[in-house]
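Below is one structure, written out as structure tokens; comments come after it.
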Amino acid sequence: MRTRVLSLLVVLVAWQIGSLLAGELVLPSPVTTISRFGDLMAEGRLPRALVIGLQALAIGGGAAVLVGIPLGIILGVRRRLGQAFDFYFSALYVTPFSAVAPLFVLWFGIDAGARMIFIFFFTLPQIVIVCYQGARSTPDRLIEVARSYQASGRDVFLKTILPYEVPFIFTALRLGVGRAVQGMVIAELLISATQGLGFLITVYGASLDIAAVLAVVLFIMLIGIVASLLVQRLEDAIAPWRHGSSTSGEGSGA
Amino acid sequence: MPERPIKLAVEGLHKTYRTKRPRDTFLRRLLPDLNSETTEVVAIEDLTFDIRAGEFVSIVGPSGCGKTTALRIMDALVPHDGGRVLINGTEVTEPRPECGFVFQDFGLYPWRTVTANVAFGLELRGVAPSERRERARQYINLVGLKGFESHYPHQLSGGMQQRVGIARTLAIEPEILLMDEPFGSLDALTRRIMQFELLRILESQRPTTVVFVTHDLEEALLLSDRILVMTRRPGRCKEIIDIPFDRPRTDAVVDSPEFLELRRHLWESLREEQVGVTDETEARAS
């Protein structure tokens, strides 16, 4: 905790110095930005903009989670399916979505539905890739142990591969939440720029209110941090074991 | 000693490993599937021996002689290419409920507590949860882990983890215990303690038949009724040595003249084989 506070202080001081060098107009100081952030929160603009985006975030991101987790696991368990399809998700992951956003407008319009679809495709590859890697990395040894107790294929899946996968699912969720928030903002910037946090950035940017733009970015970062902490808490409560520190994880039979 | 029935018979076992080897290092990295040739390594050739009910038999041999492979074939964890393994007179084609396997690297489930790990085999066999817990508790006590029931494996030392592994295997009450260098990854002191622990545990579990793979000669001498020495690859049965010490065995056994004499004999027998392995390795390297 002390290290974090110290690190935050260093960043704030650097930001302040940068602001003094570049001028308040180009790079508002931390104090200006945070007070602007306070104003926007007090006026309720930031929370309202978030609530508007939340529906698309929940549905698009939720669908990506519901589809991505089982899809990743299936690709990881069925080797040939994995080989046939895994690179599509790697490709989708590096796709410059801001560049193809106009295509989404063409195909799906500019309503909330289009934003949901955009968030879905933006978040999906992240979740699939992490779950896929997890299922694939189940140590052979653990599967062999189950077989030595006459486990059926179903037992091996339910009692070995799936529990091994749990920490990977949480990692996928943590990264996926961040990705979905990003997707939400990009969609609001480029698909239907009439409301939401992305819209606020557009408006404040156009009126050169840099402190307000930074305040919105700060708000988005905070959402990401809080969401990721919540997932972490959930993981600690549900999956309190660790993969790394036990020697039983890796097979090394000679 | 009255002649006891044959529990486990290995008859003319063969195992060949087929591995894809690269033709060319650079191309292989680019196209590993296309640019390779299959090479065959005969790991085990015509391995034959019998183990009687209640016997403790160790298998020793030079590195790479296929002793672990042989053990895994006995529980059908890997396929073999010829010969057969019989347990109680029937051929083994899949992992058998009569067999319990103890792994060198413990193979504990990191997400299961000690109790849940020990109960794993019972769970797969559909034993009711309350009975499962009771039997797990009983075997946790037997291996000396009382008080650690709700610990996770990562919270335990190596020796304690293998105690869990042994308890998990004993909990299914196997007729045959197959142990693959179970103490091989422990430090010397812990290993010696675990050897006597195993002797103590087995006294209470008799008549369990044990097949024990190790490269530690003292360990084999201390624990076994008979020791099977394998040749270097391709592994065959070189000789079988009877170990005459009375049970229950104590520390005193280790210092007896017979023990030292047997150890010397084993060492020479193994060194002959190991020298061959070393020559081969060096010849390949040069």
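If you're wondering about the labels, chains in the structure tokens are A, B, ... by order shown, residues count from 1 in each chain, ligands from 1 in order shown.
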
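DSSP annotation of region 210-244 of chain A from backbone atoms: alpha helix (DSSP H) residues are Ile210, Ala211, Ala212, Val213, Leu214, Ala215, Val216, Val217, Leu218, Phe219, Ile220, Met221, Leu222, Ile223, Gly224, Ile225, Val226, Ala227, Ser228, Leu229, Leu230, Val231, Gln232, Arg233, Leu234, Glu235, Asp236, Ala237 and Ile238 of chain A.
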
Which residues of chain B sit at most 8 Å from chain A, using only C-alpha atoms? Give each one's shortest atom pair and distance in Å (one decimal place), in chain and ascending residue order, as a Markdown table.
| residue | atom | partner | partner_atom | distance |
| --- | --- | --- | --- | --- |
| B:Gly64 | CA | A:Ala254 | CA | 7.8 |
| B:Thr68 | CA | A:Ala254 | CA | 7.0 |
| B:Asp75 | CA | A:Ser148 | CA | 7.1 |
| B:Leu77 | CA | A:Ser148 | CA | 6.9 |
| B:Pro95 | CA | A:Ser148 | CA | 5.6 |
| B:Arg96 | CA | A:Gln150 | CA | 6.9 |
| B:Pro97 | CA | A:Gln150 | CA | 7.0 |
| B:Gly100 | CA | A:Ser148 | CA | 7.2 |
| B:Phe101 | CA | A:Ser148 | CA | 6.6 |
| B:Gln104 | CA | A:Gly253 | CA | 6.9 |
| B:Asp105 | CA | A:Ser248 | CA | 5.8 |
| B:Phe106 | CA | A:Ser248 | CA | 5.7 |
| B:Gly107 | CA | A:Ser248 | CA | 4.8 |
| B:Leu108 | CA | A:Ser248 | CA | 5.3 |
| B:Tyr109 | CA | A:Leu142 | CA | 7.1 |
| B:Pro110 | CA | A:Trp241 | CA | 6.3 |
| B:Trp111 | CA | A:Trp241 | CA | 5.4 |
| B:Gly121 | CA | A:Tyr149 | CA | 5.7 |
| B:Leu124 | CA | A:Ala151 | CA | 6.5 |
| B:Tyr152 | CA | A:Trp241 | CA | 6.8 |
| B:Pro153 | CA | A:Ser246 | CA | 6.4 |
| B:His154 | CA | A:Ser246 | CA | 4.5 |

Go ahead and dump the residues you just picked, N, CA and C atoms, as an mmCIF file, in the first residue's frame.
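Result file is out-v9.cif:
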data_model
loop_
_atom_site.group_PDB
_atom_site.id
_atom_site.type_symbol
_atom_site.label_atom_id
_atom_site.label_comp_id
_atom_site.auth_asym_id
_atom_site.auth_seq_id
_atom_site.Cartn_x
_atom_site.Cartn_y
_atom_site.Cartn_z
ATOM 1 N N GLY B 64 16.733 -44.387 -17.676
ATOM 2 C CA GLY B 64 16.233 -44.619 -19.027
ATOM 3 C C GLY B 64 16.019 -46.083 -19.361
ATOM 4 N N THR B 68 10.048 -46.906 -14.979
ATOM 5 C CA THR B 68 8.814 -46.153 -14.771
ATOM 6 C C THR B 68 7.778 -46.520 -15.823
ATOM 7 N N ASP B 75 -0.489 -50.436 -14.851
ATOM 8 C CA ASP B 75 -1.807 -49.859 -14.561
ATOM 9 C C ASP B 75 -2.459 -49.315 -15.834
ATOM 10 N N LEU B 77 -1.630 -47.098 -17.834
ATOM 11 C CA LEU B 77 -1.613 -45.644 -18.011
ATOM 12 C C LEU B 77 -0.948 -45.278 -19.336
ATOM 13 N N PRO B 95 -6.915 -48.948 -16.596
ATOM 14 C CA PRO B 95 -6.588 -48.809 -15.174
ATOM 15 C C PRO B 95 -7.544 -49.631 -14.308
ATOM 16 N N ARG B 96 -6.972 -50.380 -13.362
ATOM 17 C CA ARG B 96 -7.783 -51.338 -12.621
ATOM 18 C C ARG B 96 -8.046 -50.864 -11.202
ATOM 19 N N PRO B 97 -9.243 -51.129 -10.699
ATOM 20 C CA PRO B 97 -9.571 -50.724 -9.322
ATOM 21 C C PRO B 97 -8.704 -51.418 -8.272
ATOM 22 N N GLY B 100 -3.495 -49.100 -7.009
ATOM 23 C CA GLY B 100 -3.406 -47.703 -6.607
ATOM 24 C C GLY B 100 -2.036 -47.194 -7.006
ATOM 25 N N PHE B 101 -1.988 -46.038 -7.661
ATOM 26 C CA PHE B 101 -0.723 -45.521 -8.182
ATOM 27 C C PHE B 101 -0.277 -44.328 -7.344
ATOM 28 N N GLN B 104 5.579 -39.796 -8.521
ATOM 29 C CA GLN B 104 6.787 -39.151 -8.019
ATOM 30 C C GLN B 104 6.535 -37.688 -7.648
ATOM 31 N N ASP B 105 5.784 -36.984 -8.512
ATOM 32 C CA ASP B 105 5.529 -35.567 -8.236
ATOM 33 C C ASP B 105 4.194 -35.367 -7.516
ATOM 34 N N PHE B 106 3.740 -36.380 -6.819
ATOM 35 C CA PHE B 106 2.562 -36.381 -5.953
ATOM 36 C C PHE B 106 1.240 -36.319 -6.731
ATOM 37 N N GLY B 107 1.159 -35.443 -7.748
ATOM 38 C CA GLY B 107 -0.072 -35.344 -8.541
ATOM 39 C C GLY B 107 -1.281 -34.946 -7.723
ATOM 40 N N LEU B 108 -1.081 -34.067 -6.724
ATOM 41 C CA LEU B 108 -2.223 -33.611 -5.932
ATOM 42 C C LEU B 108 -2.985 -32.540 -6.700
ATOM 43 N N TYR B 109 -4.281 -32.450 -6.415
ATOM 44 C CA TYR B 109 -5.085 -31.408 -7.041
ATOM 45 C C TYR B 109 -4.970 -30.128 -6.228
ATOM 46 N N PRO B 110 -4.390 -29.072 -6.817
ATOM 47 C CA PRO B 110 -4.129 -27.864 -6.026
ATOM 48 C C PRO B 110 -5.400 -27.196 -5.511
ATOM 49 N N TRP B 111 -6.546 -27.485 -6.132
ATOM 50 C CA TRP B 111 -7.786 -26.823 -5.713
ATOM 51 C C TRP B 111 -8.520 -27.632 -4.645
ATOM 52 N N GLY B 121 -10.460 -40.578 -4.880
ATOM 53 C CA GLY B 121 -10.743 -41.899 -5.458
ATOM 54 C C GLY B 121 -12.105 -42.429 -5.017
ATOM 55 N N LEU B 124 -14.867 -40.700 -6.939
ATOM 56 C CA LEU B 124 -15.079 -41.253 -8.274
ATOM 57 C C LEU B 124 -15.822 -42.582 -8.211
ATOM 58 N N TYR B 152 -4.455 -26.636 1.884
ATOM 59 C CA TYR B 152 -4.285 -26.889 0.450
ATOM 60 C C TYR B 152 -2.866 -27.389 0.219
ATOM 61 N N PRO B 153 -2.643 -28.154 -0.883
ATOM 62 C CA PRO B 153 -1.303 -28.711 -1.117
ATOM 63 C C PRO B 153 -0.186 -27.671 -1.073
ATOM 64 N N HIS B 154 -0.421 -26.465 -1.594
ATOM 65 C CA HIS B 154 0.671 -25.491 -1.635
ATOM 66 C C HIS B 154 1.082 -25.025 -0.245
#

| task | Would you please work out which residue, of A:Gly224, A:Ile119, A:Val11, A:Ala211, is nearest to Arg36 (chain A) when using only C-alpha atoms? | result |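 Smallest distance to Arg36 (chain A) is found for A:Ala211.
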
| query | Which residues, written as JSON, numbers by chain, have at least one atom at most 9 Å from Val26 (chain A), with only C-alpha atoms counted and residues fewer than 4 positions away on the same chain left out? | reply | {"A": [19, 22, 208, 210]}

Writer output for current selection, N, CA and C atoms, as a compact mmCIF listing (two decimals), in the first residue's frame:
# COMPACT_ATOMS: atom_id res chain seq x y z
N SER A 19 2.73 19.80 -16.67
CA SER A 19 1.71 20.83 -16.86
C SER A 19 2.32 22.23 -16.81
N ALA A 22 4.25 22.66 -20.16
CA ALA A 22 3.45 22.73 -21.38
C ALA A 22 2.39 23.83 -21.33
N LEU A 208 -12.26 22.11 -26.57
CA LEU A 208 -10.92 22.27 -26.01
C LEU A 208 -10.91 22.36 -24.49
N ILE A 210 -9.78 20.56 -22.03
CA ILE A 210 -8.90 19.40 -21.84
C ILE A 210 -9.07 18.81 -20.44

Write out as a tab-separated table a residue-level contact list of region 39-79 of chain A versus region 214-218 of chain A with cut-off 10 Å: for each qualifying residue the closest pair of atoms and the distance in Å to one decimal, counting only C-alpha atoms, rows sorted by chain and residue number upward.
residue	atom	partner	partner_atom	distance
A:Asp39	CA	A:Ala215	CA	9.6
A:Leu40	CA	A:Ala215	CA	8.1
A:Met41	CA	A:Ala215	CA	9.5
A:Arg45	CA	A:Val216	CA	9.8
A:Leu46	CA	A:Val216	CA	7.1
A:Ala49	CA	A:Val216	CA	9.9

Write the selection just made, keeping C-alpha atoms, as a PDB file, in the first residue's frame?
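Below is the file result_9.pdb, written as the result:
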ATOM      1  CA  ASP A  39     -17.599  19.260 -10.665  1.00  0.00           C
ATOM      2  CA  LEU A  40     -18.680  16.728 -13.284  1.00  0.00           C
ATOM      3  CA  MET A  41     -19.405  14.139 -10.588  1.00  0.00           C
ATOM      4  CA  ARG A  45     -22.799  14.109 -15.715  1.00  0.00           C
ATOM      5  CA  LEU A  46     -20.272  11.324 -15.376  1.00  0.00           C
ATOM      6  CA  ALA A  49     -23.217   9.044 -18.948  1.00  0.00           C
TER       7      ALA A  49
END

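Residue neighbourhood of His80 (chain B), excluding near-sequence residues (fewer than 6 positions): Leu13, His14, Lys15, Thr16, Ala70 and Ile73 of chain B, at 9 Å, using only C-alpha atoms.
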
| task | Please identify which residues in region 15-186 of chain B DSSP calls strand (DSSP E or B) from the backbone, and express them as an MDAnalysis selection string. | result | chainID B and resid 15:22 36:52 56:60 82:87 90:91 99:102 176:180

Would you put the residues from that selection into a file with N, CA and C atoms, as a CSV table (one decimal), in the first residue's frame?
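Resulting contents of again13.csv:
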chain,number,residue,atom,x,y,z
B,15,LYS,N,7.8,-52.5,-25.3
B,15,LYS,CA,7.4,-51.2,-25.5
B,15,LYS,C,8.3,-50.4,-26.4
B,16,THR,N,7.8,-49.9,-27.4
B,16,THR,CA,8.6,-49.1,-28.3
B,16,THR,C,8.1,-47.6,-28.3
B,17,TYR,N,9.0,-46.7,-28.1
B,17,TYR,CA,8.6,-45.3,-28.3
B,17,TYR,C,8.8,-44.8,-29.7
B,18,ARG,N,7.8,-44.2,-30.3
B,18,ARG,CA,8.0,-43.6,-31.6
B,18,ARG,C,8.0,-42.1,-31.4
B,19,THR,N,9.1,-41.5,-31.8
B,19,THR,CA,9.2,-40.0,-31.7
B,19,THR,C,9.5,-39.4,-33.0
B,20,LYS,N,9.0,-38.3,-33.3
B,20,LYS,CA,9.3,-37.6,-34.5
B,20,LYS,C,10.6,-36.8,-34.2
B,21,ARG,N,11.6,-37.0,-35.0
B,21,ARG,CA,12.9,-36.3,-34.8
B,21,ARG,C,13.1,-35.4,-36.0
B,22,PRO,N,13.7,-34.2,-35.8
B,22,PRO,CA,13.9,-33.3,-36.9
B,22,PRO,C,14.9,-33.8,-37.9
B,36,SER,N,10.0,-34.0,-40.6
B,36,SER,CA,10.5,-34.8,-39.5
B,36,SER,C,10.5,-36.2,-39.9
B,37,GLU,N,11.3,-37.0,-39.2
B,37,GLU,CA,11.2,-38.5,-39.5
B,37,GLU,C,11.0,-39.2,-38.2
B,38,THR,N,10.3,-40.3,-38.2
B,38,THR,CA,9.9,-41.0,-37.0
B,38,THR,C,11.1,-42.0,-36.7
B,39,THR,N,11.5,-41.8,-35.4
B,39,THR,CA,12.5,-42.8,-35.0
B,39,THR,C,11.9,-43.6,-33.9
B,40,GLU,N,12.4,-44.9,-33.8
B,40,GLU,CA,11.9,-45.8,-32.8
B,40,GLU,C,12.9,-46.1,-31.8
B,41,VAL,N,12.5,-46.1,-30.5
B,41,VAL,CA,13.4,-46.4,-29.5
B,41,VAL,C,12.7,-47.6,-28.7
B,42,VAL,N,13.4,-48.7,-28.6
B,42,VAL,CA,12.8,-49.8,-27.9
B,42,VAL,C,13.1,-49.6,-26.4
B,43,ALA,N,12.1,-49.3,-25.6
B,43,ALA,CA,12.3,-49.0,-24.2
B,43,ALA,C,12.3,-50.3,-23.4
B,44,ILE,N,11.4,-51.2,-23.7
B,44,ILE,CA,11.4,-52.4,-22.9
B,44,ILE,C,11.3,-53.6,-23.9
B,45,GLU,N,12.1,-54.6,-23.6
B,45,GLU,CA,12.1,-55.8,-24.5
B,45,GLU,C,12.0,-57.1,-23.7
B,46,ASP,N,10.9,-57.8,-23.8
B,46,ASP,CA,10.7,-59.1,-23.2
B,46,ASP,C,11.0,-59.1,-21.7
B,47,LEU,N,10.2,-58.2,-21.0
B,47,LEU,CA,10.3,-58.1,-19.6
B,47,LEU,C,9.3,-59.1,-19.0
B,48,THR,N,9.8,-60.0,-18.1
B,48,THR,CA,9.0,-61.0,-17.5
B,48,THR,C,9.3,-61.2,-16.0
B,49,PHE,N,8.3,-61.2,-15.2
B,49,PHE,CA,8.5,-61.5,-13.8
B,49,PHE,C,7.1,-61.7,-13.1
B,50,ASP,N,7.1,-62.3,-12.0
B,50,ASP,CA,5.9,-62.5,-11.2
B,50,ASP,C,6.0,-61.9,-9.8
B,51,ILE,N,4.9,-61.4,-9.3
B,51,ILE,CA,4.9,-60.9,-8.0
B,51,ILE,C,3.8,-61.6,-7.2
B,52,ARG,N,4.1,-62.1,-6.0
B,52,ARG,CA,3.2,-62.8,-5.2
B,52,ARG,C,2.4,-61.9,-4.3
B,56,PHE,N,6.6,-57.2,-1.4
B,56,PHE,CA,7.1,-55.8,-1.7
B,56,PHE,C,8.3,-56.0,-2.7
B,57,VAL,N,8.1,-55.6,-3.9
B,57,VAL,CA,9.1,-55.8,-4.9
B,57,VAL,C,9.6,-54.4,-5.4
B,58,SER,N,10.9,-54.2,-5.4
B,58,SER,CA,11.4,-52.9,-6.0
B,58,SER,C,12.0,-53.2,-7.3
B,59,ILE,N,11.8,-52.2,-8.2
B,59,ILE,CA,12.5,-52.3,-9.5
B,59,ILE,C,13.5,-51.3,-9.6
B,60,VAL,N,14.8,-51.7,-9.8
B,60,VAL,CA,15.9,-50.7,-9.9
B,60,VAL,C,16.5,-50.9,-11.3
B,82,GLY,N,3.6,-55.3,-26.9
B,82,GLY,CA,3.6,-56.7,-26.9
B,82,GLY,C,3.7,-57.3,-25.5
B,83,GLY,N,3.3,-58.5,-25.4
B,83,GLY,CA,3.3,-59.2,-24.1
B,83,GLY,C,2.0,-58.7,-23.3
B,84,ARG,N,2.0,-59.1,-22.1
B,84,ARG,CA,0.8,-58.7,-21.3
B,84,ARG,C,1.1,-58.7,-19.8
B,85,VAL,N,0.2,-58.0,-19.1
B,85,VAL,CA,0.2,-57.9,-17.7
B,85,VAL,C,-1.0,-58.5,-17.1
B,86,LEU,N,-0.9,-59.4,-16.2
B,86,LEU,CA,-2.0,-60.1,-15.6
B,86,LEU,C,-2.1,-59.7,-14.1
B,87,ILE,N,-3.3,-59.3,-13.7
B,87,ILE,CA,-3.6,-59.1,-12.3
B,87,ILE,C,-4.6,-60.1,-11.8
B,90,THR,N,-6.2,-62.0,-14.7
B,90,THR,CA,-6.9,-61.4,-15.9
B,90,THR,C,-6.0,-60.3,-16.5
B,91,GLU,N,-6.1,-60.2,-17.8
B,91,GLU,CA,-5.2,-59.3,-18.5
B,91,GLU,C,-5.6,-57.8,-18.2
B,99,CYS,N,-5.6,-51.6,-8.4
B,99,CYS,CA,-4.3,-50.9,-8.3
B,99,CYS,C,-4.4,-49.5,-7.8
B,100,GLY,N,-3.5,-49.1,-7.0
B,100,GLY,CA,-3.4,-47.7,-6.6
B,100,GLY,C,-2.0,-47.2,-7.0
B,101,PHE,N,-2.0,-46.0,-7.7
B,101,PHE,CA,-0.7,-45.5,-8.2
B,101,PHE,C,-0.3,-44.3,-7.3
B,102,VAL,N,1.0,-44.3,-6.9
B,102,VAL,CA,1.6,-43.2,-6.2
B,102,VAL,C,2.6,-42.5,-7.1
B,176,ILE,N,-3.0,-53.8,-4.9
B,176,ILE,CA,-1.6,-53.6,-5.3
B,176,ILE,C,-1.3,-52.1,-5.3
B,177,LEU,N,-0.2,-51.8,-4.7
B,177,LEU,CA,0.3,-50.4,-4.7
B,177,LEU,C,1.4,-50.3,-5.7
B,178,LEU,N,1.2,-49.4,-6.7
B,178,LEU,CA,2.3,-49.1,-7.7
B,178,LEU,C,2.9,-47.8,-7.3
B,179,MET,N,4.2,-47.8,-6.9
B,179,MET,CA,4.8,-46.5,-6.5
B,179,MET,C,6.0,-46.2,-7.4
B,180,ASP,N,5.9,-45.0,-8.0
B,180,ASP,CA,6.9,-44.6,-9.0
B,180,ASP,C,7.8,-43.5,-8.3

| query | Nearest to Gly68 (chain A) among A:Met1, A:Val128, A:Met184, A:Ala212, with distances taken over only C-alpha atoms: which residue is it? | reply | A:Val128

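When CA of Gln16 (chain A) is paired with CA of Val31 (chain A), their separation reads 8.5 Å.
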
| task | To one decimal in Å, tell me the separation between CA of Ala99 (chain A) and CA of Ile191 (chain A). | result |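 Taking CA of Ala99 (chain A) and CA of Ile191 (chain A), their separation equals 11.2 Å.
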
| query | Could you state the separation of CA of Gly89 (chain B) and CA of Ile201 (chain B) in Å, given to one decimal place? | reply | 27.2 Å

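Distances here use only C-alpha atoms; by that measure, the residue among A:Ile127, A:Arg179, A:Gln195, A:Leu9 closest to Ile73 (chain A) is A:Ile127.
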